[in-house]
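Below: the structure, in structure tokens.
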Amino acid sequence: MDEIDRTLVSLLTIDGRASHSDLAAAAGITRATVAARMRRLLDSAAFTVQGVVHPSVLGRGSVCYARIEVDGAAAPVADAAAAVPEVVYVSVTTGRFAVAAEIRTGSGEAIDAVLSRLRDLPGVARAETLAYREVIRDAVGPVGEATAHLDATDVALLQVLERDGRASYVQLAAAAGVSAAAARRRVLRLVEESVVRIGPIVSRGSEHAMGVGIHVRGDARDAARQVEGFDGVTFLARTVGAFDLLATVRAPSAISLATTVDAVRSLHSVAGVETWSHLRFVKESYASLGATD
């Protein structure tokens, strides 16, 4: 992707359903250029635009991050971890911990059970865990509280958005059995109430990614507000365990990654930083309605 492509992805991160006209105005290019680039990018699978439902709506409100030290090759351990349904994210990483995994499930007790399964996998030497206190920025999904009560129409709309976040309101209306105007009102409400976030999911082959564990001085929430403002920070959580904050930084080049990490290190509120590169993404599963635990 070139700079214009990355600008379009950035704009879609703000509003995944932005019209071609709105994207053109914001990017300073013509509508025809937007249409051609969007068609090329979507056809090439450089990214997709999907609706991702809040984990708590799916019964997966308890989240834990595990870094796994292996005895032998990392790939078999990563593949075995990816086969566990409650493990939604797995990557092979640099450093002492060769595998990173994220668990999302319904309770602390369920997380304990999954961690026991991971520790018992062949090739696992030990696992270091981080419990999430607060997800401040999720790579694709919504954050905050999602307390809306969904009816059958909401579920039908969300199921379409999970497949195609840019489906027309006419298509959404047909699937849900309502008018296009009613479908629009419901989708806007679901977005506003943090039930779903609609945005681009970028092919991981088109960017570099780094995990960042951060130790802070003082209140972790103050440090988090500063870290959140840096370009490339696609995930950020307050955690309990080895670090006070956990972040993922993504960028089109290693130089860009280094620049962002140095900016984090330079913050007065940051007492220390540990980094690891994601070498291969094995699993990224954004569970859908109908696939809850």
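If you're wondering about the labels, chains in the structure tokens are A, B, ... by order shown, residues count from 1 in each chain, ligands from 1 in order shown.
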Practice problem: Please report, as a count of residues only, each residue of segment 8-161 of chain A to which DSSP assigns strand (DSSP E or B) when run on this structure's backbone. | Solution: 44
Practice problem: Find the spatial neighbours of Tyr132 of chain A, counting only C-alpha atoms, within a cut-off of 8 Å - ignore same-chain residues fewer than 3 positions away - and output them as a PyMOL selection string. | Solution: chain A and resi 62-65+135+237-240
Practice problem: May I have all residues of segment 142-254 of chain A that DSSP, computed from the backbone, assigns to alpha helix (DSSP H), given as a ChimeraX atom specification? | Solution: /A:152-163,169-176,180-192,220-228,254
Export of the given selection (C-alpha atoms) as a compact mmCIF listing (two decimals), in the first residue's frame:
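Writing the result to result.txt gives the following:
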```txt
# COMPACT_ATOMS: atom_id res chain seq x y z
CA ALA A 152 -33.65 -10.43 16.55
CA THR A 153 -33.45 -7.46 14.17
CA ASP A 154 -30.23 -6.21 15.78
CA VAL A 155 -28.70 -9.67 15.53
CA ALA A 156 -29.64 -9.97 11.85
CA LEU A 157 -28.02 -6.59 11.11
CA LEU A 158 -24.86 -7.49 13.04
CA GLN A 159 -24.52 -10.80 11.21
CA VAL A 160 -24.48 -8.96 7.87
CA LEU A 161 -22.01 -6.33 9.15
CA GLU A 162 -19.68 -9.07 10.40
CA ARG A 163 -19.41 -10.31 6.81
CA TYR A 169 -28.69 -0.11 4.02
CA VAL A 170 -30.89 -1.72 1.37
CA GLN A 171 -28.97 -5.01 1.81
CA LEU A 172 -29.11 -4.69 5.59
CA ALA A 173 -32.84 -3.95 5.49
CA ALA A 174 -33.54 -6.99 3.33
CA ALA A 175 -31.66 -9.28 5.73
CA ALA A 176 -33.39 -7.87 8.82
CA ALA A 180 -33.67 0.96 4.87
CA ALA A 181 -34.33 3.96 7.13
CA ALA A 182 -34.95 1.69 10.11
CA ALA A 183 -31.81 -0.30 9.32
CA ARG A 184 -29.79 2.92 9.25
CA ARG A 185 -31.17 4.07 12.62
CA ARG A 186 -30.38 0.72 14.22
CA VAL A 187 -26.86 0.50 12.83
CA LEU A 188 -26.05 4.01 14.05
CA ARG A 189 -27.39 3.10 17.50
CA LEU A 190 -25.38 -0.11 17.65
CA VAL A 191 -22.21 1.82 16.78
CA GLU A 192 -22.95 4.64 19.24
CA ALA A 220 -1.15 4.00 34.70
CA ARG A 221 -4.22 5.80 33.35
CA ASP A 222 -2.24 9.02 32.94
CA ALA A 223 0.50 7.20 31.03
CA ALA A 224 -2.09 5.40 28.92
CA ARG A 225 -3.61 8.69 27.77
CA GLN A 226 -0.20 9.77 26.48
CA VAL A 227 0.68 6.46 24.82
CA GLU A 228 -2.71 6.28 23.12
CA ALA A 254 10.66 -1.07 10.98
```
Quiz prompt | Contact residues around Ala75 of chain A with only C-alpha atoms at 10 Å, ignoring same-chain residues under 3 positions, as a list in words | solution =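 Once the nearby chain positions are removed, what remains is Val70, Gly72, Ala78, Asp79, Ala80, Ala81, Ser91, Val92, Ala98, Val99, Gly123, Arg280 and Val282 of chain A.
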Please save all heavy atoms of the selected residues as a PDB file, in the first residue's frame.
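result.pdb was written with the following content:
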```pdb
ATOM      1  N   VAL A  70       8.880 -21.704  25.195  1.00  0.00           N
ATOM      2  CA  VAL A  70       8.776 -23.052  24.640  1.00  0.00           C
ATOM      3  C   VAL A  70      10.072 -23.825  24.824  1.00  0.00           C
ATOM      4  O   VAL A  70      11.149 -23.261  24.995  1.00  0.00           O
ATOM      5  CB  VAL A  70       8.395 -23.016  23.137  1.00  0.00           C
ATOM      6  CG1 VAL A  70       7.125 -22.209  22.927  1.00  0.00           C
ATOM      7  CG2 VAL A  70       9.526 -22.454  22.295  1.00  0.00           C
ATOM      8  N   GLY A  72      11.863 -26.167  22.548  1.00  0.00           N
ATOM      9  CA  GLY A  72      11.902 -26.678  21.181  1.00  0.00           C
ATOM     10  C   GLY A  72      11.347 -25.657  20.208  1.00  0.00           C
ATOM     11  O   GLY A  72      11.418 -24.449  20.434  1.00  0.00           O
ATOM     12  N   ALA A  78       2.468 -22.846  18.799  1.00  0.00           N
ATOM     13  CA  ALA A  78       1.550 -21.813  18.310  1.00  0.00           C
ATOM     14  C   ALA A  78       0.334 -22.438  17.638  1.00  0.00           C
ATOM     15  O   ALA A  78      -0.808 -22.003  17.858  1.00  0.00           O
ATOM     16  CB  ALA A  78       2.276 -20.878  17.348  1.00  0.00           C
ATOM     17  N   ASP A  79       0.555 -23.460  16.833  1.00  0.00           N
ATOM     18  CA  ASP A  79      -0.560 -24.123  16.150  1.00  0.00           C
ATOM     19  C   ASP A  79      -1.495 -24.803  17.146  1.00  0.00           C
ATOM     20  O   ASP A  79      -2.728 -24.757  16.995  1.00  0.00           O
ATOM     21  CB  ASP A  79      -0.029 -25.150  15.145  1.00  0.00           C
ATOM     22  CG  ASP A  79       0.674 -24.506  13.957  1.00  0.00           C
ATOM     23  OD1 ASP A  79       0.435 -23.301  13.714  1.00  0.00           O
ATOM     24  OD2 ASP A  79       1.466 -25.196  13.297  1.00  0.00           O
ATOM     25  N   ALA A  80      -0.923 -25.421  18.176  1.00  0.00           N
ATOM     26  CA  ALA A  80      -1.751 -26.090  19.178  1.00  0.00           C
ATOM     27  C   ALA A  80      -2.547 -25.075  19.993  1.00  0.00           C
ATOM     28  O   ALA A  80      -3.727 -25.296  20.296  1.00  0.00           O
ATOM     29  CB  ALA A  80      -0.875 -26.932  20.099  1.00  0.00           C
ATOM     30  N   ALA A  81      -1.929 -23.945  20.340  1.00  0.00           N
ATOM     31  CA  ALA A  81      -2.644 -22.896  21.069  1.00  0.00           C
ATOM     32  C   ALA A  81      -3.778 -22.337  20.222  1.00  0.00           C
ATOM     33  O   ALA A  81      -4.867 -22.046  20.733  1.00  0.00           O
ATOM     34  CB  ALA A  81      -1.680 -21.786  21.471  1.00  0.00           C
ATOM     35  N   SER A  91       0.470 -15.455  17.972  1.00  0.00           N
ATOM     36  CA  SER A  91       1.552 -15.092  17.068  1.00  0.00           C
ATOM     37  C   SER A  91       2.855 -15.708  17.548  1.00  0.00           C
ATOM     38  O   SER A  91       3.022 -16.001  18.740  1.00  0.00           O
ATOM     39  CB  SER A  91       1.704 -13.574  16.947  1.00  0.00           C
ATOM     40  OG  SER A  91       2.220 -13.025  18.142  1.00  0.00           O
ATOM     41  N   VAL A  92       3.771 -15.911  16.615  1.00  0.00           N
ATOM     42  CA  VAL A  92       5.139 -16.318  16.925  1.00  0.00           C
ATOM     43  C   VAL A  92       5.965 -15.046  17.043  1.00  0.00           C
ATOM     44  O   VAL A  92       5.900 -14.166  16.165  1.00  0.00           O
ATOM     45  CB  VAL A  92       5.708 -17.243  15.833  1.00  0.00           C
ATOM     46  CG1 VAL A  92       7.170 -17.581  16.112  1.00  0.00           C
ATOM     47  CG2 VAL A  92       4.873 -18.516  15.724  1.00  0.00           C
ATOM     48  N   ALA A  98       8.437 -17.200  22.955  1.00  0.00           N
ATOM     49  CA  ALA A  98       8.360 -17.372  21.504  1.00  0.00           C
ATOM     50  C   ALA A  98       6.945 -17.331  20.956  1.00  0.00           C
ATOM     51  O   ALA A  98       6.746 -17.222  19.745  1.00  0.00           O
ATOM     52  CB  ALA A  98       9.022 -18.684  21.101  1.00  0.00           C
ATOM     53  N   VAL A  99       5.935 -17.432  21.828  1.00  0.00           N
ATOM     54  CA  VAL A  99       4.539 -17.440  21.393  1.00  0.00           C
ATOM     55  C   VAL A  99       3.745 -16.475  22.262  1.00  0.00           C
ATOM     56  O   VAL A  99       3.917 -16.445  23.487  1.00  0.00           O
ATOM     57  CB  VAL A  99       3.927 -18.851  21.486  1.00  0.00           C
ATOM     58  CG1 VAL A  99       2.439 -18.836  21.114  1.00  0.00           C
ATOM     59  CG2 VAL A  99       4.682 -19.828  20.584  1.00  0.00           C
ATOM     60  N   GLY A 123       5.629 -29.076  24.555  1.00  0.00           N
ATOM     61  CA  GLY A 123       6.556 -28.034  24.131  1.00  0.00           C
ATOM     62  C   GLY A 123       6.460 -26.746  24.918  1.00  0.00           C
ATOM     63  O   GLY A 123       7.282 -25.849  24.737  1.00  0.00           O
ATOM     64  N   ARG A 280       5.111 -13.924  12.953  1.00  0.00           N
ATOM     65  CA  ARG A 280       4.085 -14.590  12.147  1.00  0.00           C
ATOM     66  C   ARG A 280       2.789 -14.638  12.922  1.00  0.00           C
ATOM     67  O   ARG A 280       2.754 -15.099  14.063  1.00  0.00           O
ATOM     68  CB  ARG A 280       4.519 -16.021  11.779  1.00  0.00           C
ATOM     69  CG  ARG A 280       3.506 -16.780  10.926  1.00  0.00           C
ATOM     70  CD  ARG A 280       4.093 -18.062  10.398  1.00  0.00           C
ATOM     71  NE  ARG A 280       4.332 -19.051  11.424  1.00  0.00           N
ATOM     72  CZ  ARG A 280       3.446 -19.998  11.781  1.00  0.00           C
ATOM     73  NH1 ARG A 280       2.265 -20.064  11.179  1.00  0.00           N
ATOM     74  NH2 ARG A 280       3.752 -20.881  12.719  1.00  0.00           N
ATOM     75  N   VAL A 282      -0.535 -16.331  13.584  1.00  0.00           N
ATOM     76  CA  VAL A 282      -1.071 -17.672  13.379  1.00  0.00           C
ATOM     77  C   VAL A 282      -2.594 -17.660  13.416  1.00  0.00           C
ATOM     78  O   VAL A 282      -3.246 -18.384  12.662  1.00  0.00           O
ATOM     79  CB  VAL A 282      -0.507 -18.631  14.445  1.00  0.00           C
ATOM     80  CG1 VAL A 282      -1.088 -20.037  14.284  1.00  0.00           C
ATOM     81  CG2 VAL A 282       1.013 -18.672  14.372  1.00  0.00           C
TER      82      VAL A 282
END
```
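Using only C-alpha atoms for every distance, the candidate list A:Val195, A:Leu246, A:Leu257, A:Val216 yields A:Val195 as the residue closest to Gly51 of chain A.
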Self-check item: Residue with smallest distance to Arg217 of chain A - pool A:Ser269, A:Thr129, A:Thr30, A:Ser253, counting only C-alpha atoms
Solution: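 Under the stated criterion, the closest residue is A:Ser269.
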